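Asks: Okay, so here is data-v3.csv, and as you'll see once you scroll down, it has CSV, C-alpha atoms and all ligand atoms.
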```
chain,number,residue,atom,x,y,z
P,1,MET,CA,26.4,30.1,33.4
P,2,ASP,CA,26.6,29.4,37.1
P,3,PRO,CA,23.3,30.4,38.7
P,4,VAL,CA,24.9,32.8,41.2
P,5,LYS,CA,27.0,34.6,38.6
P,6,GLY,CA,24.1,34.7,36.1
P,7,VAL,CA,21.5,36.1,38.6
P,8,ASP,CA,24.0,38.6,40.0
P,9,LEU,CA,25.0,39.8,36.5
P,10,ALA,CA,21.4,40.4,35.5
P,11,PHE,CA,20.8,42.2,38.8
P,12,TRP,CA,23.8,44.5,38.6
P,13,TYR,CA,23.3,45.1,34.9
P,14,ILE,CA,19.7,46.3,35.3
P,15,LEU,CA,20.6,48.3,38.5
P,16,GLY,CA,23.5,49.9,36.6
P,17,ILE,CA,21.3,51.0,33.7
P,18,SER,CA,18.7,52.3,36.2
P,19,VAL,CA,21.2,54.4,38.0
P,20,LEU,CA,22.6,55.8,34.7
P,21,LEU,CA,19.1,56.7,33.6
P,22,LEU,CA,18.2,58.3,37.0
P,23,VAL,CA,21.4,60.4,37.0
P,24,GLY,CA,21.1,61.3,33.3
P,25,ILE,CA,17.4,62.3,33.4
P,26,THR,CA,17.7,64.2,36.7
P,27,THR,CA,20.7,66.1,35.4
P,28,VAL,CA,18.9,67.1,32.2
P,29,MET,CA,15.9,68.1,34.2
P,30,ILE,CA,17.8,70.4,36.5
P,31,VAL,CA,19.7,72.0,33.5
P,32,PHE,CA,16.4,72.6,31.7
P,33,VAL,CA,14.7,74.1,34.8
P,34,ILE,CA,17.6,76.6,35.1
P,35,LYS,CA,18.2,77.3,31.5
P,36,TYR,CA,14.6,77.7,30.4
P,37,ARG,CA,13.2,79.4,33.5
P,38,ARG,CA,10.6,82.1,32.8
P,39,SER,CA,12.9,85.1,33.6
P,40,ARG,CA,15.5,84.0,31.0
P,41,HIS,CA,13.1,82.4,28.5
P,42,PRO,CA,9.7,84.0,28.7
P,43,ASN,CA,8.2,82.7,25.4
P,44,PRO,CA,7.9,78.9,25.0
P,45,VAL,CA,8.7,77.5,21.6
P,46,ASP,CA,6.7,74.7,20.0
P,47,ILE,CA,9.2,72.3,18.4
P,48,ARG,CA,7.8,69.7,16.0
P,49,ASP,CA,9.1,66.8,13.9
P,50,ASN,CA,12.7,66.1,14.7
P,51,LEU,CA,13.3,62.8,12.9
P,52,ASN,CA,16.8,62.2,14.2
P,53,LEU,CA,15.7,62.7,17.8
P,54,GLU,CA,12.7,60.4,17.4
P,55,VAL,CA,14.8,57.7,15.9
P,56,VAL,CA,17.3,57.9,18.8
P,57,TRP,CA,14.7,57.9,21.5
P,58,THR,CA,12.9,54.9,20.0
P,59,ALA,CA,16.0,52.8,19.0
P,60,LEU,CA,18.1,53.4,22.2
P,61,PRO,CA,15.5,52.2,24.7
P,62,THR,CA,14.7,49.3,22.5
P,63,VAL,CA,18.3,48.2,22.4
P,64,ILE,CA,18.7,48.7,26.2
P,65,ALA,CA,15.5,46.6,26.9
P,66,LEU,CA,16.7,43.9,24.5
P,67,THR,CA,20.2,43.7,26.2
P,68,MET,CA,18.4,43.4,29.6
P,69,PHE,CA,16.3,40.6,28.2
P,70,TRP,CA,19.4,38.9,26.9
P,71,VAL,CA,21.3,39.1,30.2
P,72,GLY,CA,18.1,37.8,32.0
P,73,TRP,CA,17.6,35.0,29.5
P,74,LYS,CA,21.2,33.8,29.8
P,75,SER,CA,20.8,33.8,33.6
P,76,TYR,CA,17.5,31.9,33.3
P,77,ILE,CA,19.1,29.2,31.1
P,78,GLY,CA,21.9,28.9,33.7
P,79,LEU,CA,19.2,28.2,36.3
P,80,ARG,CA,17.5,25.5,34.2
P,81,ASP,CA,20.6,23.8,32.7
P,82,VAL,CA,21.8,21.2,35.3
P,83,PRO,CA,25.3,19.8,34.9
P,84,GLU,CA,25.1,16.0,34.1
P,85,ASP,CA,27.2,14.9,37.1
P,86,ALA,CA,25.0,16.6,39.6
P,87,ILE,CA,23.9,14.6,42.6
P,88,GLU,CA,20.2,14.5,43.1
P,89,ILE,CA,18.3,15.1,46.3
P,90,GLU,CA,14.5,15.1,46.7
P,91,VAL,CA,13.1,18.1,48.6
P,92,ALA,CA,9.5,18.2,50.0
P,93,GLY,CA,7.8,21.1,51.6
P,94,GLN,CA,5.2,20.4,54.2
P,95,MET,CA,3.5,22.3,57.0
P,96,PHE,CA,5.9,23.4,58.5
P,97,SER,CA,9.3,22.0,57.5
P,98,TRP,CA,11.6,21.0,54.7
P,99,ILE,CA,12.2,17.3,54.2
P,100,PHE,CA,15.3,16.1,52.3
P,101,MET,CA,15.6,12.6,50.8
P,102,TYR,CA,19.0,11.2,49.6
P,103,PRO,CA,19.8,8.6,47.0
P,104,ASN,CA,20.4,5.9,49.7
P,105,ASP,CA,16.9,6.7,51.2
P,106,LYS,CA,18.3,8.7,54.1
P,107,GLU,CA,15.9,11.3,55.2
P,108,THR,CA,16.5,14.5,57.1
P,109,GLU,CA,14.2,17.3,58.3
P,110,GLY,CA,15.4,20.9,58.4
P,111,GLU,CA,19.0,20.0,57.4
P,112,LEU,CA,20.4,19.7,53.9
P,113,VAL,CA,24.0,18.3,53.8
P,114,VAL,CA,25.9,18.3,50.5
P,115,PRO,CA,29.5,17.6,49.5
P,116,LEU,CA,31.9,20.4,48.6
P,117,GLY,CA,32.7,20.8,44.9
P,118,LYS,CA,29.7,19.0,43.5
P,119,ALA,CA,26.7,20.3,41.5
P,120,VAL,CA,23.5,19.6,43.5
P,121,LYS,CA,20.2,19.1,41.8
P,122,LEU,CA,17.2,19.5,44.1
P,123,ASN,CA,13.9,17.9,43.0
P,124,ILE,CA,11.3,20.1,44.7
P,125,GLU,CA,7.7,19.3,45.5
P,126,SER,CA,5.1,20.1,48.1
P,127,TRP,CA,3.2,17.5,50.2
P,128,ASP,CA,0.3,19.8,51.0
P,129,VAL,CA,-0.1,23.6,50.4
P,130,LEU,CA,2.0,26.1,48.5
P,131,HIS,CA,5.5,26.6,49.8
P,132,SER,CA,8.6,28.2,48.2
P,133,PHE,CA,12.1,26.9,48.6
P,134,TYR,CA,14.6,29.7,49.1
P,135,ILE,CA,18.4,29.7,49.5
P,136,PRO,CA,19.4,33.3,49.2
P,137,SER,CA,23.2,32.5,49.2
P,138,TYR,CA,22.8,30.4,46.1
P,139,ARG,CA,20.1,32.5,44.5
P,140,ILE,CA,17.5,29.7,44.6
P,141,LYS,CA,13.9,30.6,44.9
P,142,VAL,CA,11.4,28.0,43.6
P,143,ASP,CA,7.8,27.5,44.3
P,144,ALA,CA,6.9,24.1,45.8
P,145,VAL,CA,3.5,23.0,44.5
P,146,ARG,CA,1.8,19.7,45.2
P,147,GLY,CA,1.5,17.6,42.0
P,148,MET,CA,3.8,19.9,40.1
P,149,PRO,CA,7.4,18.7,40.7
P,150,THR,CA,10.2,21.1,39.7
P,151,TYR,CA,13.9,21.5,40.3
P,152,ALA,CA,16.7,23.9,41.0
P,153,TRP,CA,20.5,23.4,41.2
P,154,PHE,CA,23.5,25.0,42.6
P,155,MET,CA,27.3,24.5,42.7
P,156,ALA,CA,28.4,23.7,46.3
P,157,ASP,CA,31.6,25.6,46.0
P,158,LYS,CA,32.3,26.9,49.6
P,159,VAL,CA,32.2,25.0,52.9
P,160,GLY,CA,29.8,26.6,55.3
P,161,GLU,CA,26.3,26.9,56.6
P,162,TYR,CA,23.6,28.7,54.7
P,163,ASP,CA,20.0,29.7,55.5
P,164,ILE,CA,17.1,27.9,53.8
P,165,LEU,CA,13.6,29.5,54.1
P,166,CYS,CA,10.1,29.1,53.0
P,167,THR,CA,9.2,32.2,51.1
P,168,GLU,CA,5.5,31.6,50.4
P,169,TYR,CA,3.1,32.2,53.2
P,170,CYS,CA,1.8,28.7,54.0
P,171,GLY,CA,0.1,28.9,57.4
P,172,VAL,CA,0.6,29.9,61.0
P,173,ASP,CA,4.1,28.5,61.4
P,174,HIS,CA,5.3,29.7,58.0
P,175,SER,CA,7.9,31.9,59.7
P,176,ALA,CA,9.3,28.9,61.5
P,177,MET,CA,9.8,26.9,58.3
P,178,LEU,CA,13.5,27.3,58.3
P,179,ALA,CA,16.3,24.9,57.5
P,180,LYS,CA,20.1,24.8,57.1
P,181,LEU,CA,22.2,24.0,54.1
P,182,LYS,CA,25.5,22.5,55.2
P,183,ILE,CA,28.3,22.2,52.7
P,184,VAL,CA,31.0,19.8,54.0
P,185,PRO,CA,34.1,18.1,52.5
P,186,GLU,CA,33.2,15.0,50.5
P,187,ASP,CA,34.7,12.4,52.9
P,188,GLN,CA,32.7,14.0,55.8
P,189,TYR,CA,29.6,14.0,53.6
P,190,LEU,CA,30.0,10.3,52.8
P,191,LYS,CA,30.4,9.5,56.5
P,192,TRP,CA,27.4,11.5,57.3
P,193,LEU,CA,25.3,9.8,54.6
P,194,GLU,CA,26.1,6.3,55.9
P,195,ALA,CA,25.4,7.2,59.5
P,196,ASP,CA,21.9,7.1,60.9
P,201,CU,CU,5.9,26.9,53.8
```
Represent the structure from my file as structure tokens, please.
Replies:
Amino acid sequence: MDPVKGVDLAFWYILGISVLLLVGITTVMIVFVIKYRRSRHPNPVDIRDNLNLEVVWTALPTVIALTMFWVGWKSYIGLRDVPEDAIEIEVAGQMFSWIFMYPNDKETEGELVVPLGKAVKLNIESWDVLHSFYIPSYRIKVDAVRGMPTYAWFMADKVGEYDILCTEYCGVDHSAMLAKLKIVPEDQYLKWLEAD
């Protein structure tokens, strides 16, 4: 599944269930507080061993938790499964900027330009301390660690400019470790790639 769709689905699914539980539990709590208040129900009753109830409150949360796992797992697989036709760009974090290296050895700092309509695989590593590569618009958030190369990918499906940040505190200028993702039409990308 497309990373943006997968991550968003997992987020909304878990949030939706959380809201349902919040509303449900609060409602039952309020009803019980009113219904079983001391003036109407002075003598508490000790209820024991309701098998049906015990089965339901064990099975239902288990099923809910497993569906959350399933939605999260599908989303995770979507993050790791890169389409075969993806273009590959090397990304290096360093104190304090992001460096991008293209297949023709072009190198940029603080600016990632990619063609519209293509899957883009980013091979991410750090040249010094811990950084974390973050593109909120494309739900990418991957730690950059020296000696431990990893990757992320996204589908460049909309022309525009998007924020790239470092989201792991890496030193005094961490907050200035910003970059831009620019998605441009393919002909413009090719022209940009050949220019120096
Ligand atoms: Cu950093």
Asks: Tell me, in Å to one decimal, how far atom CA of Thr150 of chain P is from atom CA of Lys180 of chain P.
Replies: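 The value is 20.4 Å.
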Asks: Per residue of chain P within 10 Å of ligand CU 201 (chain P), what are the shortest atom pair and its distance in Å to one decimal, counting all atoms listed in the file, with rows by chain and residue number, as CSV?
Replies:
```
residue,atom,partner,partner_atom,distance
P:Gly93,CA,P:CU201,CU,6.5
P:Gln94,CA,P:CU201,CU,6.5
P:Met95,CA,P:CU201,CU,6.1
P:Phe96,CA,P:CU201,CU,5.9
P:Ser97,CA,P:CU201,CU,7.0
P:Trp98,CA,P:CU201,CU,8.3
P:Ser126,CA,P:CU201,CU,8.9
P:Asp128,CA,P:CU201,CU,9.5
P:Val129,CA,P:CU201,CU,7.6
P:Leu130,CA,P:CU201,CU,6.6
P:His131,CA,P:CU201,CU,4.0
P:Ser132,CA,P:CU201,CU,6.4
P:Phe133,CA,P:CU201,CU,8.1
P:Asp143,CA,P:CU201,CU,9.7
P:Ala144,CA,P:CU201,CU,8.5
P:Leu165,CA,P:CU201,CU,8.1
P:Cys166,CA,P:CU201,CU,4.8
P:Thr167,CA,P:CU201,CU,6.8
P:Glu168,CA,P:CU201,CU,5.8
P:Tyr169,CA,P:CU201,CU,6.0
P:Cys170,CA,P:CU201,CU,4.5
P:Gly171,CA,P:CU201,CU,7.1
P:Val172,CA,P:CU201,CU,9.4
P:Asp173,CA,P:CU201,CU,8.0
P:His174,CA,P:CU201,CU,5.1
P:Ser175,CA,P:CU201,CU,8.0
P:Ala176,CA,P:CU201,CU,8.7
P:Met177,CA,P:CU201,CU,6.0
P:Leu178,CA,P:CU201,CU,8.8
```
Asks: Point out the residue among P:Trp127, P:His41, P:Val7, P:Glu90 with the least atom-to-atom distance to Met68 of chain P, counting all atoms listed in the file.
Replies: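 Distance minimum relative to Met68 of chain P lands on P:Val7.
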Asks: For the point (21.4, 24.4, 45.4) in file coordinates, what residues are within 8 Å, counting only C-alpha atoms? Give the answer as a ChimeraX atom specification?
Replies: /P:119-122,135,138,140,152-156
Asks: Given all atoms listed in the file as the basis, pick out the residue of P:Phe100, P:Gly117, P:Val23, P:Arg139 nearest to Phe11 of chain P.
Replies: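 The shortest atom-to-atom distance to Phe11 of chain P comes from P:Arg139.
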Asks: If I take atom CA of Val4 of chain P and atom CA of Asp157 of chain P, how far is one from the other in Å, to one decimal?
Replies: 10.9 Å
Asks: How far is it from atom CA of Lys118 of chain P to atom CA of Pro83 of chain P, in Å with one decimal?
Replies: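 One can read the atom CA of Lys118 of chain P to atom CA of Pro83 of chain P distance as 9.7 Å.
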Asks: Find the residue from P:Thr67, P:Ser75, P:Ser137, P:Asn123 that sits nearest to Ile17 of chain P; use all atoms listed in the file when measuring.
Replies: P:Thr67
Asks: Ranking P:Met1, P:Pro115, P:Glu186, P:Ile34 by minimum distance to Trp73 of chain P and counting all atoms listed in the file, which one comes first?
Replies: P:Met1
Asks: Given the choices P:Glu194, P:Arg40, P:Ser18, P:Tyr162, which gets closest to Lys106 of chain P if the distance is worked out from all atoms listed in the file?
Replies: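 Looking at the shortest contact to Lys106 of chain P, the residue is P:Glu194.
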Asks: Identify, on the basis of only C-alpha atoms, every residue whose closest approach to Ala179 of chain P does not exceed 6 Å; exclude the query and any residue fewer than 2 positions from it along the same chain; express the result as number ranges by chain.
Replies: P: 110-111, 164
Asks: Please determine, counting all atoms listed in the file, which residue among P:Ile64, P:Leu51, P:Val56, P:Val142 has the shortest atom-to-atom distance to Leu20 of chain P.
Replies: P:Ile64
Asks: For segment 140-172 of chain P, supply N, CA and C atoms and format the output as a JSON list (two decimals), keeping the file's coordinate frame.
Replies:
```json
[["chain", "number", "residue", "atom", "x", "y", "z"],
["P", 140, "ILE", "N", 18.59, 30.65, 44.90],
["P", 140, "ILE", "CA", 17.50, 29.70, 44.60],
["P", 140, "ILE", "C", 16.23, 30.16, 45.19],
["P", 141, "LYS", "N", 15.17, 30.23, 44.39],
["P", 141, "LYS", "CA", 13.90, 30.60, 44.90],
["P", 141, "LYS", "C", 12.83, 29.96, 43.98],
["P", 142, "VAL", "N", 12.30, 28.83, 44.42],
["P", 142, "VAL", "CA", 11.40, 28.00, 43.60],
["P", 142, "VAL", "C", 10.16, 27.65, 44.31],
["P", 143, "ASP", "N", 9.01, 27.87, 43.71],
["P", 143, "ASP", "CA", 7.80, 27.50, 44.30],
["P", 143, "ASP", "C", 7.66, 25.95, 44.44],
["P", 144, "ALA", "N", 7.18, 25.48, 45.59],
["P", 144, "ALA", "CA", 6.90, 24.10, 45.80],
["P", 144, "ALA", "C", 5.42, 23.86, 45.74],
["P", 145, "VAL", "N", 4.96, 23.12, 44.74],
["P", 145, "VAL", "CA", 3.50, 23.00, 44.50],
["P", 145, "VAL", "C", 3.19, 21.48, 44.47],
["P", 146, "ARG", "N", 2.15, 21.09, 45.18],
["P", 146, "ARG", "CA", 1.80, 19.70, 45.20],
["P", 146, "ARG", "C", 1.33, 19.26, 43.77],
["P", 147, "GLY", "N", 1.86, 18.11, 43.32],
["P", 147, "GLY", "CA", 1.50, 17.60, 42.00],
["P", 147, "GLY", "C", 2.19, 18.27, 40.86],
["P", 148, "MET", "N", 3.11, 19.19, 41.16],
["P", 148, "MET", "CA", 3.80, 19.90, 40.10],
["P", 148, "MET", "C", 5.32, 19.91, 40.41],
["P", 149, "PRO", "N", 5.99, 18.76, 40.29],
["P", 149, "PRO", "CA", 7.40, 18.70, 40.70],
["P", 149, "PRO", "C", 8.26, 19.62, 39.80],
["P", 150, "THR", "N", 9.24, 20.24, 40.41],
["P", 150, "THR", "CA", 10.20, 21.10, 39.70],
["P", 150, "THR", "C", 11.56, 20.89, 40.23],
["P", 151, "TYR", "N", 12.51, 21.70, 39.84],
["P", 151, "TYR", "CA", 13.90, 21.50, 40.30],
["P", 151, "TYR", "C", 14.63, 22.82, 40.36],
["P", 152, "ALA", "N", 15.77, 22.76, 41.04],
["P", 152, "ALA", "CA", 16.70, 23.90, 41.00],
["P", 152, "ALA", "C", 18.09, 23.23, 41.23],
["P", 153, "TRP", "N", 19.14, 23.97, 40.94],
["P", 153, "TRP", "CA", 20.50, 23.40, 41.20],
["P", 153, "TRP", "C", 21.42, 24.48, 41.64],
["P", 154, "PHE", "N", 22.48, 24.07, 42.29],
["P", 154, "PHE", "CA", 23.50, 25.00, 42.60],
["P", 154, "PHE", "C", 24.86, 24.29, 42.71],
["P", 155, "MET", "N", 25.93, 25.06, 42.65],
["P", 155, "MET", "CA", 27.30, 24.50, 42.70],
["P", 155, "MET", "C", 27.76, 24.71, 44.17],
["P", 156, "ALA", "N", 27.94, 23.60, 44.88],
["P", 156, "ALA", "CA", 28.40, 23.70, 46.30],
["P", 156, "ALA", "C", 29.86, 24.01, 46.31],
["P", 157, "ASP", "N", 30.20, 25.29, 46.24],
["P", 157, "ASP", "CA", 31.60, 25.60, 46.00],
["P", 157, "ASP", "C", 32.30, 26.23, 47.25],
["P", 158, "LYS", "N", 31.61, 26.27, 48.39],
["P", 158, "LYS", "CA", 32.30, 26.90, 49.60],
["P", 158, "LYS", "C", 31.73, 26.19, 50.82],
["P", 159, "VAL", "N", 32.66, 25.66, 51.63],
["P", 159, "VAL", "CA", 32.20, 25.00, 52.90],
["P", 159, "VAL", "C", 31.55, 26.07, 53.76],
["P", 160, "GLY", "N", 30.44, 25.66, 54.40],
["P", 160, "GLY", "CA", 29.80, 26.60, 55.30],
["P", 160, "GLY", "C", 28.34, 26.23, 55.55],
["P", 161, "GLU", "N", 27.69, 27.10, 56.34],
["P", 161, "GLU", "CA", 26.30, 26.90, 56.60],
["P", 161, "GLU", "C", 25.48, 28.06, 56.06],
["P", 162, "TYR", "N", 24.39, 27.73, 55.40],
["P", 162, "TYR", "CA", 23.60, 28.70, 54.70],
["P", 162, "TYR", "C", 22.11, 28.58, 55.12],
["P", 163, "ASP", "N", 21.39, 29.69, 55.08],
["P", 163, "ASP", "CA", 20.00, 29.70, 55.50],
["P", 163, "ASP", "C", 19.10, 29.11, 54.34],
["P", 164, "ILE", "N", 18.12, 28.33, 54.73],
["P", 164, "ILE", "CA", 17.10, 27.90, 53.80],
["P", 164, "ILE", "C", 15.74, 28.40, 54.44],
["P", 165, "LEU", "N", 14.88, 28.99, 53.63],
["P", 165, "LEU", "CA", 13.60, 29.50, 54.10],
["P", 165, "LEU", "C", 12.46, 29.07, 53.26],
["P", 166, "CYS", "N", 11.25, 29.20, 53.82],
["P", 166, "CYS", "CA", 10.10, 29.10, 53.00],
["P", 166, "CYS", "C", 9.62, 30.52, 52.71],
["P", 167, "THR", "N", 9.46, 30.86, 51.45],
["P", 167, "THR", "CA", 9.20, 32.20, 51.10],
["P", 167, "THR", "C", 7.79, 32.40, 50.45],
["P", 168, "GLU", "N", 6.87, 31.45, 50.80],
["P", 168, "GLU", "CA", 5.50, 31.60, 50.40],
["P", 168, "GLU", "C", 4.64, 31.35, 51.59],
["P", 169, "TYR", "N", 3.83, 32.34, 51.98],
["P", 169, "TYR", "CA", 3.10, 32.20, 53.20],
["P", 169, "TYR", "C", 2.21, 30.94, 53.16],
["P", 170, "CYS", "N", 2.43, 30.02, 54.12],
["P", 170, "CYS", "CA", 1.80, 28.70, 54.00],
["P", 170, "CYS", "C", 1.02, 28.32, 55.26],
["P", 171, "GLY", "N", 0.84, 29.25, 56.20],
["P", 171, "GLY", "CA", 0.10, 28.90, 57.40],
["P", 171, "GLY", "C", 0.72, 29.55, 58.63],
["P", 172, "VAL", "N", 0.18, 29.20, 59.80],
["P", 172, "VAL", "CA", 0.60, 29.90, 61.00],
["P", 172, "VAL", "C", 2.05, 29.80, 61.35]]
```
